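As stored in final.cif (mmCIF, C-alpha atoms and all ligand atoms):
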```cif
data_my_file
#
loop_
_atom_site.label_atom_id
_atom_site.label_comp_id
_atom_site.auth_asym_id
_atom_site.auth_seq_id
_atom_site.Cartn_x
_atom_site.Cartn_y
_atom_site.Cartn_z
CA MET N 1 28.89 -24.00 88.23
CA ILE N 2 26.26 -26.66 88.34
CA ASP N 3 26.00 -28.71 91.52
CA LEU N 4 25.93 -32.03 89.66
CA PRO N 5 24.40 -34.32 92.32
CA ALA N 6 21.68 -31.75 93.06
CA PHE N 7 21.00 -31.17 89.36
CA ARG N 8 20.74 -34.89 88.61
CA ASN N 9 18.50 -35.49 91.59
CA ALA N 10 16.17 -32.67 90.68
CA LEU N 11 15.88 -33.81 87.05
CA LEU N 12 15.43 -37.50 87.86
CA GLU N 13 12.96 -36.84 90.65
CA HIS N 14 10.86 -34.80 88.23
CA PHE N 15 11.17 -37.52 85.60
CA ASP N 16 10.13 -40.24 88.06
CA ARG N 17 7.07 -38.20 88.96
CA THR N 18 6.00 -37.07 85.52
CA ARG N 19 7.39 -39.52 82.98
CA ARG N 20 5.00 -40.45 80.25
CA SER N 21 4.00 -44.05 80.09
CA LEU N 22 5.30 -45.07 76.66
CA PRO N 23 5.30 -48.55 75.17
CA TRP N 24 9.10 -48.67 74.75
CA ARG N 25 9.58 -47.85 78.41
CA SER N 26 8.29 -51.22 79.53
CA GLU N 27 10.39 -54.30 78.87
CA ARG N 28 13.55 -52.53 77.76
CA THR N 29 15.19 -55.09 75.51
CA PRO N 30 17.93 -53.77 73.20
CA TYR N 31 15.73 -54.54 70.19
CA ARG N 32 12.76 -52.60 71.54
CA VAL N 33 14.95 -49.66 72.48
CA MET N 34 16.61 -49.61 69.07
CA VAL N 35 13.28 -49.76 67.20
CA SER N 36 11.88 -46.91 69.28
CA GLU N 37 14.95 -44.74 68.78
CA PHE N 38 14.85 -45.27 65.01
CA MET N 39 11.17 -44.38 64.89
CA LEU N 40 11.66 -41.36 67.13
CA GLN N 41 14.31 -39.84 64.88
CA GLN N 42 12.42 -36.94 63.27
CA THR N 43 9.01 -38.13 64.45
CA ARG N 44 6.88 -37.13 67.43
CA VAL N 45 6.19 -39.53 70.28
CA GLU N 46 2.38 -39.51 69.75
CA THR N 47 2.79 -40.38 66.09
CA VAL N 48 5.23 -43.19 66.80
CA ILE N 49 3.20 -45.09 69.43
CA PRO N 50 0.75 -47.01 67.15
CA TYR N 51 3.47 -47.77 64.59
CA TYR N 52 5.76 -49.03 67.30
CA GLU N 53 3.11 -51.36 68.73
CA ARG N 54 2.21 -52.73 65.31
CA TRP N 55 5.86 -53.17 64.42
CA LEU N 56 6.56 -55.18 67.57
CA ARG N 57 3.66 -57.50 66.81
CA ARG N 58 4.87 -58.00 63.29
CA PHE N 59 8.63 -58.13 63.92
CA PRO N 60 9.01 -59.13 67.57
CA GLY N 61 12.80 -59.46 67.49
CA TRP N 62 15.98 -59.22 65.44
CA GLY N 63 15.38 -62.60 63.81
CA ALA N 64 11.90 -61.78 62.53
CA LEU N 65 13.07 -58.45 61.17
CA ALA N 66 16.20 -59.87 59.55
CA GLU N 67 14.14 -62.56 57.81
CA ALA N 68 11.46 -60.20 56.50
CA GLY N 69 11.58 -58.95 52.92
CA GLU N 70 12.20 -55.31 52.11
CA ASP N 71 8.66 -54.75 50.85
CA GLU N 72 7.16 -56.02 54.07
CA VAL N 73 9.43 -53.81 56.16
CA LEU N 74 8.71 -50.70 54.12
CA ARG N 75 4.99 -51.46 54.18
CA ALA N 76 5.04 -51.53 57.99
CA TRP N 77 6.71 -48.10 57.99
CA VAL N 78 4.20 -46.47 55.63
CA GLY N 79 2.89 -43.29 57.24
CA LEU N 80 6.00 -42.61 59.35
CA GLY N 81 7.97 -41.09 56.46
CA TYR N 82 11.76 -40.88 56.18
CA TYR N 83 11.77 -44.40 54.84
CA ARG N 84 15.53 -44.67 54.88
CA ARG N 85 15.17 -45.36 58.60
CA ALA N 86 13.19 -48.53 57.86
CA ARG N 87 15.74 -49.73 55.33
CA ASN N 88 18.58 -48.99 57.75
CA LEU N 89 16.86 -50.75 60.63
CA HIS N 90 16.28 -53.74 58.38
CA SER N 91 19.96 -53.79 57.32
CA ALA N 92 21.01 -53.35 60.94
CA ALA N 93 18.93 -56.40 61.91
CA ARG N 94 20.69 -58.45 59.25
CA MET N 95 24.08 -57.24 60.53
CA VAL N 96 23.12 -58.07 64.10
CA ARG N 97 22.18 -61.56 62.96
CA GLU N 98 25.20 -62.12 60.74
CA GLU N 99 27.99 -60.28 62.52
CA TYR N 100 26.94 -60.23 66.16
CA GLY N 101 25.25 -63.59 66.57
CA GLY N 102 21.82 -62.02 67.05
CA ARG N 103 22.83 -59.71 69.93
CA LEU N 104 23.11 -55.97 69.61
CA PRO N 105 26.62 -54.76 70.55
CA GLU N 106 26.76 -52.69 73.74
CA ASP N 107 29.65 -50.45 72.85
CA PRO N 108 28.62 -47.06 71.38
CA GLU N 109 31.40 -47.22 68.77
CA ALA N 110 30.26 -50.66 67.60
CA LEU N 111 26.68 -49.39 67.54
CA ARG N 112 27.78 -46.55 65.31
CA GLY N 113 28.96 -49.10 62.78
CA LEU N 114 25.36 -50.18 62.17
CA PRO N 115 23.41 -48.55 59.33
CA GLY N 116 21.42 -45.51 60.43
CA VAL N 117 23.05 -45.30 63.87
CA GLY N 118 24.61 -41.88 64.41
CA GLU N 119 26.06 -40.25 67.49
CA TYR N 120 22.65 -39.60 69.03
CA THR N 121 21.14 -43.04 68.46
CA ALA N 122 24.29 -44.83 69.65
CA GLY N 123 24.24 -42.78 72.86
CA ALA N 124 20.52 -43.30 73.44
CA VAL N 125 20.67 -47.07 72.87
CA ALA N 126 23.92 -47.58 74.84
CA SER N 127 22.58 -45.65 77.82
CA ILE N 128 18.95 -46.82 77.81
CA ALA N 129 19.45 -50.45 76.83
CA PHE N 130 22.89 -51.13 78.34
CA GLY N 131 23.33 -48.60 81.15
CA ARG N 132 26.39 -46.98 79.58
CA ALA N 133 27.12 -43.49 80.94
CA VAL N 134 27.23 -41.73 77.56
CA PRO N 135 25.33 -38.65 76.36
CA ALA N 136 22.49 -38.58 73.82
CA VAL N 137 21.85 -35.15 72.31
CA ASP N 138 18.78 -34.93 70.11
CA GLY N 139 16.95 -31.75 69.10
CA ASN N 140 15.11 -31.45 72.41
CA VAL N 141 18.25 -32.01 74.48
CA ARG N 142 20.11 -29.49 72.35
CA ARG N 143 17.56 -26.83 73.25
CA VAL N 144 17.71 -27.68 76.96
CA LEU N 145 21.52 -27.53 77.01
CA CYS N 146 21.67 -24.28 75.02
CA ARG N 147 19.42 -22.68 77.62
CA LEU N 148 21.10 -24.28 80.59
CA PHE N 149 24.53 -23.02 79.50
CA ASP N 150 23.18 -19.93 77.71
CA LEU N 151 24.72 -20.91 74.38
CA GLU N 152 23.60 -19.35 71.13
CA ALA N 153 24.91 -21.70 68.45
CA PRO N 154 27.30 -24.26 69.93
CA THR N 155 28.95 -27.00 67.88
CA ALA N 156 27.70 -30.55 68.26
CA GLY N 157 31.02 -31.44 69.88
CA ARG N 158 30.65 -28.78 72.55
CA LEU N 159 27.14 -29.93 73.39
CA ARG N 160 28.24 -33.55 73.58
CA GLU N 161 30.96 -32.56 76.05
CA GLU N 162 28.51 -30.66 78.23
CA ALA N 163 26.02 -33.54 78.12
CA ALA N 164 28.73 -36.11 78.89
CA ALA N 165 29.68 -34.18 82.02
CA LEU N 166 26.05 -34.00 83.18
CA VAL N 167 24.93 -37.58 82.60
CA ASP N 168 24.21 -39.51 85.79
CA PRO N 169 26.49 -42.57 85.93
CA GLY N 170 23.99 -44.34 88.19
CA ARG N 171 20.98 -43.97 85.87
CA PRO N 172 22.33 -42.85 82.48
CA GLY N 173 19.37 -44.05 80.40
CA ASP N 174 16.79 -42.43 82.65
CA PHE N 175 18.88 -39.28 82.80
CA ASN N 176 19.06 -38.98 79.01
CA GLU N 177 15.36 -39.67 78.66
CA ALA N 178 14.65 -37.13 81.40
CA LEU N 179 16.50 -34.46 79.40
CA MET N 180 14.61 -35.43 76.22
CA GLU N 181 11.34 -35.36 78.09
CA LEU N 182 12.14 -31.99 79.67
CA GLY N 183 12.77 -30.57 76.18
CA ALA N 184 9.56 -32.10 74.82
CA THR N 185 7.24 -31.09 77.66
CA VAL N 186 8.69 -28.15 79.65
CA CYS N 187 11.66 -26.52 77.92
CA THR N 188 9.69 -26.19 74.69
CA PRO N 189 10.56 -23.90 71.77
CA GLY N 190 7.61 -21.51 71.89
CA THR N 191 6.50 -20.78 75.43
CA PRO N 192 8.69 -22.78 77.81
CA GLY N 193 7.30 -23.62 81.24
CA CYS N 194 10.16 -22.09 83.23
CA GLY N 195 7.86 -21.78 86.25
CA VAL N 196 7.58 -25.56 86.57
CA CYS N 197 11.08 -26.47 85.40
CA PRO N 198 12.84 -28.72 87.92
CA VAL N 199 16.30 -27.37 86.98
CA ARG N 200 15.46 -23.67 86.64
CA GLU N 201 17.86 -22.69 89.42
CA TRP N 202 20.77 -23.78 87.18
CA CYS N 203 19.47 -22.25 83.97
CA GLY N 204 21.92 -19.72 82.54
CA ALA N 205 19.50 -18.35 79.96
CA ARG N 206 16.86 -17.70 82.62
CA VAL N 207 19.34 -15.61 84.60
CA ALA N 208 20.48 -13.78 81.46
CA GLY N 209 16.91 -13.27 80.22
CA THR N 210 17.75 -14.99 76.91
CA VAL N 211 15.52 -18.07 77.08
CA GLY N 212 13.54 -16.89 74.03
CA GLN N 213 16.73 -16.52 71.98
CA ARG N 214 18.34 -19.83 72.90
CA PRO N 215 19.27 -21.60 70.78
CA ALA N 216 19.58 -19.16 67.88
CA ARG N 217 17.43 -20.06 64.91
CA ARG N 218 19.36 -21.94 62.26
CA PRO N 219 19.18 -20.47 58.76
CA ARG N 220 16.48 -22.05 56.67
CA ARG N 221 17.57 -24.75 54.29
CA GLU N 222 16.99 -24.02 50.66
CA VAL N 223 14.00 -25.94 49.43
CA ARG N 224 13.65 -27.06 45.83
CA ARG N 225 10.22 -27.07 44.22
CA VAL N 226 9.64 -29.84 41.75
CA GLY N 227 6.63 -30.84 39.70
CA TYR N 228 6.00 -34.36 38.44
CA VAL N 229 3.62 -35.75 35.92
CA VAL N 230 2.19 -39.04 37.19
CA VAL N 231 0.58 -41.54 34.85
CA VAL N 232 -2.26 -43.39 36.51
CA VAL N 233 -2.91 -46.09 33.95
CA VAL N 234 -6.12 -47.82 34.80
CA GLU N 235 -7.96 -50.69 33.16
CA ARG N 236 -11.43 -50.69 34.62
CA SER N 237 -12.69 -54.01 33.42
CA ALA N 238 -9.65 -56.15 33.01
CA GLY N 239 -11.66 -59.20 33.96
CA VAL N 240 -8.75 -60.48 35.96
CA GLY N 241 -6.96 -59.34 39.02
CA GLU N 242 -9.94 -59.67 41.30
CA PRO N 243 -9.05 -58.44 44.77
CA ARG N 244 -8.06 -61.23 47.05
CA GLY N 245 -10.57 -62.09 49.71
CA PRO N 246 -14.33 -61.49 49.46
CA ALA N 247 -15.40 -58.45 47.48
CA ARG N 248 -17.53 -57.32 50.40
CA SER N 249 -14.47 -56.86 52.62
CA PRO N 250 -14.14 -53.26 53.84
CA ARG N 251 -10.82 -52.76 52.10
CA ALA N 252 -12.41 -53.44 48.76
CA ALA N 253 -14.84 -50.57 49.34
CA GLY N 254 -14.55 -47.94 46.65
CA ASN N 255 -12.60 -50.21 44.33
CA PRO N 256 -14.25 -51.34 41.13
CA PRO N 257 -14.03 -55.11 41.51
CA SER N 258 -11.81 -55.81 38.55
CA ALA N 259 -9.88 -52.58 37.99
CA VAL N 260 -6.13 -52.85 37.70
CA THR N 261 -3.55 -50.12 37.67
CA LEU N 262 0.11 -49.81 36.83
CA VAL N 263 2.77 -49.29 39.52
CA ARG N 264 6.50 -49.63 39.79
CA LYS N 265 9.10 -49.91 42.49
CA ARG N 266 11.46 -46.97 42.94
CA PRO N 267 15.19 -47.45 42.60
CA ALA N 268 17.20 -48.78 45.54
CA THR N 269 18.86 -45.44 46.18
CA GLY N 270 17.67 -41.86 46.53
CA LEU N 271 14.37 -40.34 47.56
CA LEU N 272 11.78 -42.93 48.69
CA ALA N 273 14.15 -45.75 47.74
CA GLY N 274 12.44 -49.10 47.32
CA MET N 275 8.93 -47.68 47.72
CA TRP N 276 6.17 -48.21 45.15
CA GLU N 277 4.62 -45.49 43.02
CA PHE N 278 2.56 -44.65 40.02
CA PRO N 279 5.18 -43.99 37.33
CA SER N 280 6.23 -40.35 37.29
CA LEU N 281 8.51 -37.97 35.45
CA GLU N 282 9.98 -34.72 36.69
CA LEU N 283 8.58 -31.74 34.81
CA ALA N 284 10.98 -29.23 33.37
CA ASP N 285 9.00 -26.14 34.24
CA ASP N 286 8.86 -26.14 38.03
CA GLY N 287 5.58 -27.90 38.41
CA LYS N 288 2.93 -25.66 36.88
CA PRO N 289 2.11 -27.12 33.51
CA GLY N 290 -0.97 -26.28 31.54
CA HIS N 291 -3.20 -29.17 30.56
CA LEU N 292 -1.54 -29.51 27.18
CA GLY N 293 1.91 -29.54 28.72
CA LEU N 294 0.79 -32.20 31.15
CA ALA N 295 -0.70 -34.40 28.44
CA ALA N 296 2.51 -34.10 26.42
CA ALA N 297 4.61 -35.02 29.43
CA ALA N 298 2.33 -37.98 30.19
CA THR N 299 2.60 -39.16 26.58
CA ARG N 300 6.36 -38.94 26.77
CA LEU N 301 6.47 -40.91 30.00
CA LEU N 302 4.12 -43.57 28.63
CA GLY N 303 6.43 -43.83 25.62
CA ASP N 304 9.48 -44.20 27.86
CA LEU N 305 7.68 -46.94 29.77
CA GLY N 306 6.62 -48.71 26.59
CA VAL N 307 3.00 -48.52 27.69
CA HIS N 308 0.33 -48.26 24.99
CA ALA N 309 -2.11 -45.90 26.65
CA ARG N 310 -3.54 -42.44 26.15
CA PRO N 311 -3.71 -39.63 28.69
CA ALA N 312 -7.39 -38.91 29.35
CA THR N 313 -8.11 -36.86 32.47
CA PRO N 314 -5.95 -34.88 34.86
CA LEU N 315 -6.71 -35.34 38.55
CA HIS N 316 -6.32 -32.68 41.20
CA PRO N 317 -2.61 -32.22 42.05
CA VAL N 318 -1.16 -33.68 45.23
CA ARG N 319 1.48 -31.78 47.18
CA HIS N 320 4.01 -33.27 49.54
CA ALA N 321 6.85 -31.71 51.53
CA PHE N 322 10.10 -33.60 51.91
CA THR N 323 13.07 -32.26 53.86
CA HIS N 324 14.65 -30.38 50.95
CA LEU N 325 11.93 -30.73 48.39
CA ARG N 326 8.38 -29.51 47.86
CA ALA N 327 6.87 -31.89 45.38
CA THR N 328 3.71 -31.29 43.37
CA TYR N 329 2.37 -34.41 41.68
CA HIS N 330 0.11 -33.94 38.67
CA PRO N 331 -1.71 -37.24 38.18
CA VAL N 332 -3.20 -37.99 34.79
CA ILE N 333 -5.58 -40.89 34.33
CA CYS N 334 -4.55 -42.85 31.26
CA PHE N 335 -6.49 -45.56 29.49
CA PRO N 336 -4.75 -48.51 27.83
CA ALA N 337 -5.08 -48.51 24.06
CA ARG N 338 -7.36 -51.04 22.42
CA PRO N 339 -6.97 -53.76 21.44
CA HIS N 340 -5.48 -54.28 24.80
CA PRO N 341 -3.97 -57.55 25.88
CA LEU N 342 -5.35 -58.63 29.19
CA PRO N 343 -2.95 -59.01 32.06
CA PRO N 344 -2.35 -62.60 33.08
CA PRO N 345 -4.57 -64.04 35.78
CA TYR N 346 -3.81 -62.75 39.17
CA ALA N 347 -2.00 -65.31 41.31
CA PRO N 348 -4.27 -66.74 44.01
CA PRO N 349 -3.16 -66.33 47.60
CA THR N 350 -1.09 -69.05 49.14
CA PRO N 351 -1.85 -69.95 52.74
CA ALA N 352 1.84 -69.81 53.70
CA CYS N 353 1.87 -66.07 53.10
CA ALA N 354 -1.30 -65.14 54.96
CA THR N 355 0.47 -63.42 57.82
CA THR N 356 0.13 -59.66 57.37
CA PRO N 357 -1.56 -57.68 60.17
CA ARG N 358 -4.86 -57.43 58.39
CA GLY N 359 -4.85 -61.09 57.65
CA SER N 360 -3.94 -60.67 54.01
CA ARG N 361 -0.67 -61.56 52.42
CA PRO N 362 1.54 -58.77 51.06
CA ALA N 363 0.47 -57.68 47.60
CA THR N 364 2.36 -59.19 44.70
CA PRO N 365 2.03 -57.06 41.61
CA VAL N 366 1.59 -58.91 38.35
CA PRO N 367 3.90 -58.22 35.44
CA HIS N 368 2.23 -56.46 32.55
CA PRO N 369 2.03 -58.71 29.49
CA THR N 370 3.38 -57.80 26.10
CA PRO N 371 3.79 -55.28 24.59
CA LEU N 372 5.50 -54.23 27.83
CA THR N 373 8.77 -55.89 28.57
CA ILE N 374 8.31 -58.14 31.54
CA PRO N 375 10.85 -57.39 34.23
CA PRO N 376 12.29 -60.05 36.49
CA PRO N 377 10.42 -60.17 39.79
CA VAL N 378 11.41 -57.25 41.99
CA GLY N 379 12.88 -58.42 45.26
CA ASP N 380 15.23 -56.87 47.77
CA THR N 381 17.59 -55.53 45.17
CA ALA N 382 15.86 -52.99 42.98
CA PRO N 383 18.41 -51.63 40.52
CA ASP N 384 19.38 -47.97 40.46
CA HIS N 385 16.89 -47.20 37.72
CA PRO N 386 13.18 -47.78 38.10
CA PRO N 387 12.16 -51.27 37.02
CA SER N 388 9.39 -51.67 34.48
CA PRO N 389 5.91 -51.19 35.83
CA THR N 390 3.60 -54.02 36.82
CA TRP N 391 -0.17 -54.35 37.14
CA ILE N 392 -1.88 -54.57 40.46
CA PRO N 393 -5.58 -54.82 41.31
CA LEU N 394 -6.73 -51.48 42.65
CA ALA N 395 -8.08 -53.20 45.74
CA ASP N 396 -4.59 -54.46 46.61
CA LEU N 397 -2.79 -51.12 46.29
CA ASP N 398 -2.96 -50.53 50.03
CA ASP N 399 -0.89 -53.64 50.63
CA LEU N 400 2.07 -52.07 48.85
CA ALA N 401 4.68 -49.81 50.45
CA LEU N 402 3.05 -46.80 48.83
CA PRO N 403 4.13 -43.43 50.30
CA ALA N 404 1.65 -40.82 51.49
CA ALA N 405 1.39 -38.77 48.28
CA GLN N 406 0.87 -41.92 46.19
CA ARG N 407 -1.94 -42.98 48.54
CA LYS N 408 -3.60 -39.64 47.95
CA ILE N 409 -3.33 -40.17 44.21
CA ALA N 410 -4.88 -43.62 44.62
CA ALA N 411 -7.73 -42.06 46.62
CA ARG N 412 -8.33 -39.47 43.88
CA LEU N 413 -8.38 -42.26 41.30
CA ARG N 414 -10.96 -44.25 43.29
CA THR N 415 -13.16 -41.18 43.64
CA TRP N 416 -12.90 -40.47 39.95
CA LEU N 417 -13.80 -44.05 39.00
CA ARG N 418 -16.78 -43.96 41.34
CA ASP N 419 -17.99 -40.60 39.99
CA ASN N 420 -17.48 -41.56 36.35
CA PRO N 421 -18.83 -45.10 36.20
CA ARG N 422 -19.49 -45.02 32.49
CA GLN N 423 -16.31 -43.44 31.26
CA ALA N 424 -14.92 -46.12 29.02
CA CYS N 425 -11.32 -47.07 29.02
CA GLY N 426 -9.53 -47.11 25.70
N1 LIG D 1 12.86 -39.09 71.77
C1 LIG D 1 13.86 -39.88 71.38
N2 LIG D 1 14.03 -40.92 72.20
C2 LIG D 1 13.09 -40.79 73.16
C3 LIG D 1 12.73 -41.55 74.28
N3 LIG D 1 13.39 -42.66 74.56
N4 LIG D 1 11.71 -41.11 75.02
C4 LIG D 1 11.07 -39.99 74.69
N5 LIG D 1 11.34 -39.24 73.64
C5 LIG D 1 12.35 -39.64 72.87
#
```
Here is a file; write its structure as C-alpha cells.
Ligand code: ADE
Amino acid sequence: MIDLPAFRNALLEHFDRTRRSLPWRSERTPYRVMVSEFMLQQTRVETVIPYYERWLRRFPGWGALAEAGEDEVLRAWVGLGYYRRARNLHSAARMVREEYGGRLPEDPEALRGLPGVGEYTAGAVASIAFGRAVPAVDGNVRRVLCRLFDLEAPTAGRLREEAAALVDPGRPGDFNEALMELGATVCTPGTPGCGVCPVREWCGARVAGTVGQRPARRPRREVRRVGYVVVVVVERSAGVGEPRGPARSPRAAGNPPSAVTLVRKRPATGLLAGMWEFPSLELADDGKPGHLGLAAAATRLLGDLGVHARPATPLHPVRHAFTHLRATYHPVICFPARPHPLPPPYAPPTPACATTPRGSRPATPVPHPTPLTIPPPVGDTAPDHPPSPTWIPLADLDDLALPAAQRKIAARLRTWLRDNPRQACG
C-alpha cells in the first residue's frame, strides 16, 4: 500500500526542487497550457520550446488563432511534424470562439469534445490550467506507473484508475507534471536513475527486480514502405515571379532570382493534410525504380497534371519516416516544354499582409496559366483530391507550409540549379 500523503509530498518536494524552467510554466493561462500540451503530444520538450515561443508571439490567444488562415497555422507548425495537431488546435480555437464565447471549458468531458483533445490532453489541461483533480497519463507517466505498481501491460483504464487515486487534490496540475517530469528525467526507459528517485521506497518493480522489464515492450507496428516519384518542374528564367523583398536578402540566397517552380496543396484529409508539396505519385514497385521507370512515372504524373514538361534529371532520393510509413521520395527535375507560356506577373506584396515573423507576408502561389487549368484559389477548404498545381517563385517556397521532406527536395533543387547554371530549361 502506498502512503498517499507521504508519496505526494516526496514527489512534489522533488518537483519543486528540480522542475525545469519551461516557457509554458510561467503565466499559466488556459490557452498557453493547451498550446503546450498539443505541441508536447509526441514531441520532446527541447524540440517544442522554440516553436512554442514563436507560436505565442504569432498567435497570442484564442482570437488570433481562430482568425488565422489554415496556411498560416500550418506554416507555424512546420518542423514539429504530426500536422494534424496544428489543424486540430486551429479548429479547437474556432470552437472556443464560436461555442464557448472565447473561454476554454474547464470540465474534462467538455474539453474532450474539442478536436484533438483525448483523455490525456483533457486531464493535463483540466488539472494544470483549472486545478481539477483528474489524472493525465502520457507515455512517461505510463512507464512510471507500470514500475510503481509492477505492471507488465496494463490497460489504459487500469492506469487511469491508479493515477486518479494518486493525484494530489491540493496541487493536481503540479502533481501530474511531476509524474511526467519524473518519467522524462529519472524513471527513463534505458537506465533509470533509481538511486535518485524520490518515490523509490514505494516502487513495486524495484522490490521485485523488474524495473528493466516494466512496462513490457509493445509489439512493433507494421510499417509500410512506399516510394513516390516527385516532379520538380522548374522554370529557371521565367522573367516574372521575382522574390518579394530585395534580392540581397538572406532568404533569397541560393535561389536564382527569377526561377519558379510548381507546387500544390495536399487534400484536406489524410497524410500531411493541407500541407504543400511538389506534385507526387505513389510508385507501384515499392520505391526502387530504375531511371527509366522513374522517368516513365514522372511523365505519367505530368500528364495527369496537364503539365507540358519533360523529365530531365533525377535528384538524390529523400527518405522520411512517418508513424506507419517509410516514404522514399524520388525527385525528378522537369523542364517546361517550349514554347512555354509565361506565368502571370507575381502579385506584389500588400502592406496589410506584412505580418509574418520574418517580416514577409505568407507566400501566395500564382496559378499556372494555360495550358494548365487554373484552379480556384486554395483557401481553408482544400477538396479531398489534390488541387491543380500553382507556380511559386523558388525564393518564396520557404514561406509555404512545406513539410520536412519537401524542404529537403527544395534544397536539392537549389543545389542542382547552382551547380548547373547553364543547363537550359525546355
Ligand atoms: N509533457 C507533456 N506535458 C508536459 C508538461 N506540462 N511538462 C513537461 N512535459 C510534458
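Put simply, CA of Thr121 in chain N is 7.5 Å away from CA of Phe38 in chain N.
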What does the structure give for the distance between CA of Thr390 in chain N and CA of Arg75 in chain N, in Å to one decimal? 17.6 Å
How would you report the residues lying within 7 Å of ligand LIG 1 (chain D), as a CSV table (one decimal) with C-alpha atoms, in the frame of the given file, if you count all atoms listed in the file?
```csv
chain,number,residue,atom,x,y,z
N,36,SER,CA,11.9,-46.9,69.3
N,37,GLU,CA,15.0,-44.7,68.8
N,40,LEU,CA,11.7,-41.4,67.1
N,41,GLN,CA,14.3,-39.8,64.9
N,45,VAL,CA,6.2,-39.5,70.3
N,177,GLU,CA,15.4,-39.7,78.7
N,180,MET,CA,14.6,-35.4,76.2
N,181,GLU,CA,11.3,-35.4,78.1
```
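The space separating CA of Arg171 in chain N from CA of Val134 in chain N comes to 10.6 Å.
Of the listed residues (N:Ala327, N:Cys203, N:Gly79, N:Arg266), N:Cys203 comes nearest to Asp3 in chain N; the distances count only C-alpha atoms.
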Excluding Gly195 in chain N and residues on its chain fewer than 5 positions from it, collect all residues at most 12 Å away from it, counting all atoms listed in the file, and give them as a ChimeraX atom specification. /N:186-187,200-201,203,206
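Residues surrounding Thr328 in chain N within 9 Å are Arg225, Val226, Gly227, Tyr228, Val229, Gly287, Lys288, Pro317, Val318, Arg319, His320 and Ala321 of chain N [all atoms listed in the file; sequence separation below 6 positions excluded].
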What are the nearest atom pairs, with distances in Å to one decimal, for all residues of range 128-227 of chain N that come at most 12 Å from range 14-24 of chain N, using all atoms listed in the file, set out by chain and rising residue number as a Markdown table?
```
| residue | atom | partner | partner_atom | distance |
| --- | --- | --- | --- | --- |
| N:Ile128 | CA | N:Trp24 | CA | 10.5 |
| N:Ala129 | CA | N:Trp24 | CA | 10.7 |
| N:Arg171 | CA | N:Asp16 | CA | 11.7 |
| N:Gly173 | CA | N:Phe15 | CA | 11.7 |
| N:Asp174 | CA | N:Phe15 | CA | 8.0 |
| N:Phe175 | CA | N:Phe15 | CA | 8.4 |
| N:Asn176 | CA | N:Phe15 | CA | 10.4 |
| N:Glu177 | CA | N:Phe15 | CA | 8.4 |
| N:Ala178 | CA | N:Phe15 | CA | 5.5 |
| N:Leu179 | CA | N:Phe15 | CA | 8.7 |
| N:Met180 | CA | N:Phe15 | CA | 10.2 |
| N:Glu181 | CA | N:Arg19 | CA | 7.5 |
| N:Leu182 | CA | N:Phe15 | CA | 8.2 |
| N:Gly183 | CA | N:Phe15 | CA | 11.8 |
| N:Ala184 | CA | N:Arg20 | CA | 11.0 |
| N:Thr185 | CA | N:Thr18 | CA | 10.0 |
| N:Val186 | CA | N:Thr18 | CA | 11.0 |
| N:Val196 | CA | N:His14 | CA | 9.9 |
| N:Cys197 | CA | N:His14 | CA | 8.8 |
| N:Pro198 | CA | N:His14 | CA | 6.4 |
| N:Val199 | CA | N:His14 | CA | 9.3 |
```
